[in-house]
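Below: target.txt (compact mmCIF, C-alpha atoms and all ligand atoms)
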# COMPACT_ATOMS: atom_id res chain seq x y z
CA MET C 1 105.11 152.38 109.49
CA ILE C 2 107.13 155.55 109.27
CA PHE C 3 107.90 156.93 112.72
CA ALA C 4 105.68 154.25 114.31
CA ASP C 5 107.91 151.28 115.05
CA SER C 6 110.97 152.00 117.15
CA PRO C 7 113.85 151.60 116.98
CA ALA C 8 113.71 151.68 113.21
CA ASN C 9 116.48 151.10 110.68
CA ILE C 10 116.71 153.98 108.25
CA LEU C 11 118.77 154.25 105.07
CA VAL C 12 119.28 157.51 103.21
CA VAL C 13 120.49 157.02 99.63
CA ALA C 14 121.86 160.28 98.23
CA ALA C 15 123.70 160.95 94.99
CA HIS C 16 126.09 163.51 96.48
CA PRO C 17 127.34 164.56 99.89
CA ASP C 18 125.07 167.49 100.93
CA ASP C 19 121.88 166.11 99.32
CA GLU C 20 121.09 164.24 102.54
CA VAL C 21 121.10 167.45 104.60
CA LEU C 22 119.26 169.54 102.02
CA GLY C 23 116.65 166.84 101.46
CA CYS C 24 116.08 165.32 104.88
CA GLY C 25 118.63 166.61 107.39
CA GLY C 26 115.97 167.52 109.93
CA THR C 27 114.23 164.18 109.50
CA ILE C 28 117.54 162.35 109.97
CA ALA C 29 118.02 164.22 113.26
CA ARG C 30 114.44 163.45 114.25
CA HIS C 31 114.97 159.74 113.63
CA ALA C 32 118.23 159.84 115.58
CA ASP C 33 116.53 161.68 118.46
CA ARG C 34 114.07 158.81 118.91
CA GLY C 35 116.80 156.18 118.87
CA ASP C 36 116.53 155.01 115.28
CA HIS C 37 119.61 153.75 113.44
CA VAL C 38 120.30 156.02 110.47
CA ASP C 39 122.79 155.02 107.78
CA LEU C 40 123.87 157.30 104.95
CA LEU C 41 124.86 155.98 101.52
CA PHE C 42 126.41 158.29 98.92
CA LEU C 43 126.53 157.04 95.35
CA THR C 44 129.18 159.48 94.04
CA ASP C 45 131.95 161.58 95.52
CA GLY C 46 130.22 164.73 94.32
CA VAL C 47 133.20 166.45 92.72
CA GLY C 48 133.45 165.34 89.09
CA ALA C 49 131.76 168.24 87.36
CA ARG C 50 133.43 171.06 89.20
CA GLY C 51 136.95 170.97 87.82
CA GLU C 52 138.63 171.27 91.19
CA SER C 53 141.48 169.15 92.44
CA PRO C 54 139.73 165.76 92.67
CA VAL C 55 141.79 164.28 95.48
CA ALA C 56 141.62 167.28 97.78
CA THR C 57 137.99 167.88 97.05
CA VAL C 58 136.90 164.28 97.51
CA GLY C 59 138.55 164.39 100.91
CA ALA C 60 136.87 167.67 101.77
CA ARG C 61 133.44 166.42 100.71
CA GLN C 62 133.83 163.21 102.69
CA GLU C 63 135.07 165.14 105.71
CA ALA C 64 132.05 167.42 105.45
CA ALA C 65 129.75 164.39 105.20
CA HIS C 66 131.25 162.93 108.37
CA ALA C 67 130.87 166.23 110.20
CA ALA C 68 127.26 166.63 109.05
CA ALA C 69 126.44 163.04 110.07
CA GLY C 70 127.83 163.75 113.53
CA ILE C 71 125.71 166.86 113.91
CA LEU C 72 122.56 165.02 112.83
CA GLY C 73 123.19 161.84 114.81
CA ALA C 74 123.57 159.51 111.83
CA GLN C 75 126.07 156.67 111.56
CA THR C 76 129.38 156.90 109.70
CA PRO C 77 128.59 157.55 106.01
CA GLN C 78 129.31 154.97 103.32
CA PHE C 79 130.62 156.09 99.92
CA LEU C 80 130.37 154.36 96.57
CA ASP C 81 132.62 155.68 93.84
CA PHE C 82 130.33 156.09 90.87
CA PRO C 83 131.22 159.07 88.63
CA ASP C 84 129.73 162.40 89.64
CA ASN C 85 127.16 163.87 87.24
CA ARG C 86 127.69 160.84 85.03
CA LEU C 87 125.62 158.22 86.84
CA ASP C 88 123.72 157.77 83.58
CA SER C 89 126.97 156.40 82.07
CA VAL C 90 126.91 153.48 84.52
CA ASP C 91 124.77 150.42 83.88
CA LEU C 92 121.68 150.89 86.01
CA LEU C 93 122.01 147.29 87.15
CA ASP C 94 125.41 148.08 88.69
CA VAL C 95 123.91 150.92 90.72
CA ILE C 96 120.98 148.74 91.78
CA GLN C 97 123.23 145.90 92.86
CA ALA C 98 125.49 148.22 94.85
CA ILE C 99 122.46 149.55 96.72
CA GLU C 100 121.11 146.03 97.22
CA ALA C 101 124.41 145.01 98.81
CA VAL C 102 124.08 147.80 101.37
CA LEU C 103 120.42 146.97 101.98
CA ALA C 104 121.34 143.34 102.66
CA ALA C 105 123.54 144.30 105.60
CA ARG C 106 120.68 145.36 107.87
CA PRO C 107 116.88 144.95 107.92
CA TYR C 108 116.11 148.51 106.86
CA ASP C 109 112.46 149.45 107.06
CA THR C 110 112.47 152.97 105.67
CA VAL C 111 114.52 154.41 102.80
CA TYR C 112 114.77 158.07 101.83
CA THR C 113 116.09 159.06 98.41
CA HIS C 114 115.75 161.56 95.58
CA TRP C 115 112.66 162.58 93.72
CA GLU C 116 112.69 160.98 90.25
CA GLY C 117 111.98 164.25 88.44
CA ASP C 118 115.01 166.23 89.69
CA LEU C 119 117.00 168.18 87.11
CA ASN C 120 120.23 166.50 88.23
CA ILE C 121 120.83 163.28 86.33
CA ASP C 122 122.46 161.55 89.31
CA HIS C 123 119.37 162.25 91.39
CA GLN C 124 117.19 160.67 88.72
CA VAL C 125 119.34 157.54 88.58
CA ALA C 126 119.47 157.26 92.37
CA SER C 127 115.68 157.44 92.59
CA ARG C 128 115.19 154.84 89.90
CA ALA C 129 117.80 152.47 91.32
CA VAL C 130 116.33 152.67 94.83
CA ARG C 131 112.87 151.83 93.53
CA THR C 132 114.20 148.65 92.01
CA ALA C 133 116.51 147.75 94.88
CA THR C 134 113.59 148.03 97.33
CA ARG C 135 110.96 146.32 95.18
CA PRO C 136 108.41 144.66 97.47
CA VAL C 137 109.19 141.00 96.88
CA PRO C 138 108.40 138.51 99.68
CA GLY C 139 110.88 138.94 102.50
CA GLN C 140 111.64 142.56 101.64
CA SER C 141 112.29 144.42 104.89
CA VAL C 142 111.85 147.89 103.40
CA ARG C 143 108.28 148.96 104.08
CA ALA C 144 108.44 152.61 103.11
CA VAL C 145 110.26 154.57 100.43
CA LEU C 146 110.06 158.35 100.42
CA SER C 147 111.60 160.87 98.06
CA PHE C 148 112.88 164.22 99.25
CA GLU C 149 113.24 167.57 97.51
CA VAL C 150 116.64 169.15 96.93
CA PRO C 151 116.71 172.92 96.40
CA SER C 152 118.24 173.87 93.02
CA SER C 153 117.35 170.51 91.51
CA SER C 154 113.76 169.58 92.35
CA GLU C 155 112.25 172.99 91.51
CA TRP C 156 114.46 173.24 88.41
CA ALA C 157 113.00 170.09 86.85
CA PHE C 158 112.07 170.22 83.19
CA SER C 159 108.65 171.62 82.35
CA ASP C 160 107.56 168.33 80.81
CA VAL C 161 108.05 166.56 84.14
CA VAL C 162 105.04 166.34 86.43
CA PRO C 163 105.80 168.85 89.23
CA GLU C 164 106.72 167.30 92.53
CA SER C 165 103.78 167.39 94.92
CA PRO C 166 104.95 166.22 98.33
CA ASN C 167 102.29 164.34 100.27
CA PHE C 168 104.09 163.54 103.51
CA ALA C 169 105.57 166.08 105.92
CA VAL C 170 107.75 165.70 108.99
CA SER C 171 107.89 168.47 111.59
CA ILE C 172 111.47 169.51 112.21
CA ALA C 173 110.69 172.33 114.63
CA ASP C 174 113.22 170.94 117.11
CA GLN C 175 115.75 169.94 114.45
CA ILE C 176 115.94 172.97 112.11
CA ASP C 177 118.97 174.40 113.90
CA ARG C 178 120.89 171.13 113.46
CA LYS C 179 119.88 170.94 109.80
CA LEU C 180 121.31 174.42 109.22
CA ALA C 181 124.41 173.61 111.29
CA ALA C 182 124.96 170.48 109.20
CA LEU C 183 124.68 172.62 106.07
CA ASP C 184 127.44 174.79 107.51
CA ALA C 185 129.68 171.72 107.25
CA TYR C 186 129.08 171.92 103.49
CA ALA C 187 129.85 175.64 103.31
CA MET C 188 131.80 175.08 100.08
CA GLU C 189 128.59 173.92 98.39
CA MET C 190 126.39 176.74 99.63
CA HIS C 191 125.64 180.03 97.93
CA ASP C 192 124.56 183.51 98.92
CA PRO C 193 120.85 184.37 98.73
CA PRO C 194 118.72 184.43 96.69
CA HIS C 195 120.23 181.13 95.43
CA PRO C 196 117.97 178.19 96.42
CA ARG C 197 121.01 176.56 97.98
CA SER C 198 121.50 179.29 100.58
CA GLN C 199 120.86 179.05 104.31
CA GLU C 200 118.09 181.64 103.90
CA ALA C 201 116.31 179.72 101.13
CA VAL C 202 116.62 176.37 102.91
CA ARG C 203 115.16 177.90 106.05
CA ALA C 204 112.39 179.55 104.01
CA LEU C 205 111.48 176.22 102.38
CA ALA C 206 111.30 174.56 105.80
CA THR C 207 109.10 177.43 107.00
CA TRP C 208 106.77 177.05 104.01
CA ARG C 209 106.56 173.26 104.27
CA GLY C 210 105.81 173.71 107.96
CA ALA C 211 103.14 176.33 107.26
CA GLN C 212 101.39 173.90 104.93
CA HIS C 213 100.93 171.45 107.79
CA GLY C 214 100.68 173.60 110.92
CA PHE C 215 104.29 173.22 112.03
CA ALA C 216 106.96 175.86 112.64
CA PHE C 217 109.33 174.00 110.27
CA ALA C 218 108.97 170.84 108.21
CA GLU C 219 110.52 168.74 105.49
CA ALA C 220 108.22 167.43 102.79
CA PHE C 221 108.40 164.13 100.94
CA THR C 222 106.62 162.21 98.26
CA LEU C 223 105.54 158.82 99.47
CA VAL C 224 106.80 156.45 96.79
CA ARG C 225 105.62 153.25 98.39
CA ALA C 226 104.48 152.17 101.84
CA ALA C 227 103.04 149.00 103.28
CA HIS C 228 102.25 147.79 106.77
CA ALA C 229 103.12 144.18 107.49
ZN ZN C 301 123.00 166.17 94.45

Translate the structure described by the file into structure tokens.
Amino acid sequence: MIFADSPANILVVAAHPDDEVLGCGGTIARHADRGDHVDLLFLTDGVGARGESPVATVGARQEAAHAAAGILGAQTPQFLDFPDNRLDSVDLLDVIQAIEAVLAARPYDTVYTHWEGDLNIDHQVASRAVRTATRPVPGQSVRAVLSFEVPSSSEWAFSDVVPESPNFAVSIADQIDRKLAALDAYAMEMHDPPHPRSQEAVRALATWRGAQHGFAFAEAFTLVRAAHA
């Protein structure tokens, strides 16, 4: 089970570079601290909708992802090249199969990904594709799937979507500083307060999620599926 067996093999499937830190950066560091193997998979390059120089910006985003992974203790990130903010233009099966190919390389037991109700379309597709790629058929190594919250996407979900109600929290009291340092690597994606994607707001969310569970700081997840073999 989550945080029980060690060393565990963890895969984080994020739509864009920076989602992994916003959603579960402290938890990544916590896994790394206990000797778990943490791989990061990014489905898009994260630059398509911004109108900047694609080549330079792809390089900058990937460089930031490498720097953030180093701070958190994760392995070298892997990048797929699906179109940013247009994941819904790709056949879902193609996304699923790309994720399945990564999952086949190692007996991952826990996968973190996006909440299905996020405003961002890429986040929605990532969540849906992971659910299928990790379906619990006989021989499936993945025993737990959790979805994380991403400030400026999860709380901006449409009103007809059932609000996210995280039911699993991880204390990141000893990892909050590394989470915020990893966010510094993505300075180009951050905003000034009171934007939800500011250092202040991210810290405040970690404080609130911690307060809900008796920790100084926490990250909160929705348990999508879990089973104990
Ligand atoms: Zn994103």

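Using all atoms listed in the file, the protein and nucleic acid residues lying at most 12 Å from the point (115.6, 167.1, 86.1) are His114, Trp115, Glu116, Gly117, Asp118, Leu119, Asn120, Ile121, Asp122, His123, Gln124, Val125, Ser127, Glu149, Val150, Pro151, Ser152, Ser153, Ser154, Glu155, Trp156, Ala157, Phe158, Ser159, Asp160, Val161, Val162, Pro163 and Glu164 of chain C.
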
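The protein and nucleic acid residues lying at most 12 Å from Glu200 (chain C) are Pro151, Leu180, Leu183, Met190, His191, Asp192, Pro193, Pro194, Ala206 and Thr207 of chain C, with only C-alpha atoms considered and sequence neighbours fewer than 6 positions away removed.
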
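Minimum atom-to-atom distances from C:Gly46, C:Gly26, C:Gly214, C:Gly35 to ligand ZN 301 (chain C) were compared using all atoms listed in the file, and the lowest value belongs to C:Gly46.
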
Could you list the protein, DNA and RNA residues that have any atom within 6 Å of ligand ZN 301 (chain C), counting all atoms listed in the file, and write them as an MDAnalysis selection string? chainID C and resid 15:16 19

In terms of all atoms listed in the file, the residue from C:Asp88, C:Asp18, C:Glu100, C:Ile172 at minimal distance from Arg61 (chain C) is C:Asp18

Residue with smallest distance to Val12 (chain C) - pool C:Gly210, C:Gly139, C:Gly25, C:Pro166, counting all atoms listed in the file: C:Gly25

Counting only C-alpha atoms, figure out which residue out of C:Pro138, C:Val13, C:Val58, C:Ala181 gets nearest to Ala98 (chain C).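 The shortest atom-to-atom distance to Ala98 (chain C) comes from C:Val13.
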
Top pick for closest residue to Ala69 (chain C), considering C:Pro107, C:Pro83, C:Gly23, C:Pro17 and counting all atoms listed in the file: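 Comparing C:Pro107, C:Pro83, C:Gly23, C:Pro17 against Ala69 (chain C), the winner is C:Pro17.
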
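Going from CA of Val170 (chain C) over to CA of Leu72 (chain C), you cover 15.3 Å.
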
When distances are computed from only C-alpha atoms, which of C:Thr44, C:Gln75, C:Thr110, C:Ser89 shows the smallest separation from Leu223 (chain C)? C:Thr110

Tell me, in Å to one decimal, how far CA of Val224 (chain C) is from CA of Ile99 (chain C).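 Answer for the CA of Val224 (chain C) to CA of Ile99 (chain C) separation: 17.1 Å.
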
Between CA of Ser147 (chain C) and CA of Tyr112 (chain C), what distance in Å does the model show, to one decimal? 5.7 Å

Residues near Ile96 (chain C), cut-off 10 Å, all atoms listed in the file, skip fewer than 6 positions along chain, as a list in words: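 So the residues in contact are Val125, Ala126, Arg128, Ala129, Val130, Arg131, Thr132, Ala133 and Thr134 of chain C.
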
Need the neighbours of (110.5, 153.4, 118.6): which residues are at most 10 Å away, counting only C-alpha atoms, as a PyMOL selection string? chain C and resi 3-8+31+34-36

List as a list in words the protein and nucleic acid residues near Ala185 (chain C), meaning an atom at most 7 Å away when all atoms listed in the file are counted, but skip any in the same chain fewer than 4 places from it.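 Neighbouring residues, sequence-local ones excluded: Ala64, Ala67, Ala68 and Ala181 of chain C.
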
Can you write just those residues out, C-alpha atoms, as a PDB file, keeping the file's coordinate frame?
ATOM      1  CA  ALA C  64     132.050 167.420 105.450  1.00  0.00           C
ATOM      2  CA  ALA C  67     130.870 166.230 110.200  1.00  0.00           C
ATOM      3  CA  ALA C  68     127.260 166.630 109.050  1.00  0.00           C
ATOM      4  CA  ALA C 181     124.410 173.610 111.290  1.00  0.00           C
TER       5      ALA C 181
END

Give me the residues within 12 Å of Ala105 (chain C) as an MDAnalysis selection string, counting all atoms listed in the file and dropping any in the same chain fewer than 3 places off. chainID C and resid 9 11 39 98:102 108 141

Selected residues written out with C-alpha atoms, as an mmCIF file, in the coordinates of the input:
data_model
loop_
_atom_site.group_PDB
_atom_site.id
_atom_site.type_symbol
_atom_site.label_atom_id
_atom_site.label_comp_id
_atom_site.auth_asym_id
_atom_site.auth_seq_id
_atom_site.Cartn_x
_atom_site.Cartn_y
_atom_site.Cartn_z
ATOM 1 C CA ASN C 9 116.480 151.100 110.680
ATOM 2 C CA LEU C 11 118.770 154.250 105.070
ATOM 3 C CA ASP C 39 122.790 155.020 107.780
ATOM 4 C CA ALA C 98 125.490 148.220 94.850
ATOM 5 C CA ILE C 99 122.460 149.550 96.720
ATOM 6 C CA GLU C 100 121.110 146.030 97.220
ATOM 7 C CA ALA C 101 124.410 145.010 98.810
ATOM 8 C CA VAL C 102 124.080 147.800 101.370
ATOM 9 C CA TYR C 108 116.110 148.510 106.860
ATOM 10 C CA SER C 141 112.290 144.420 104.890
#
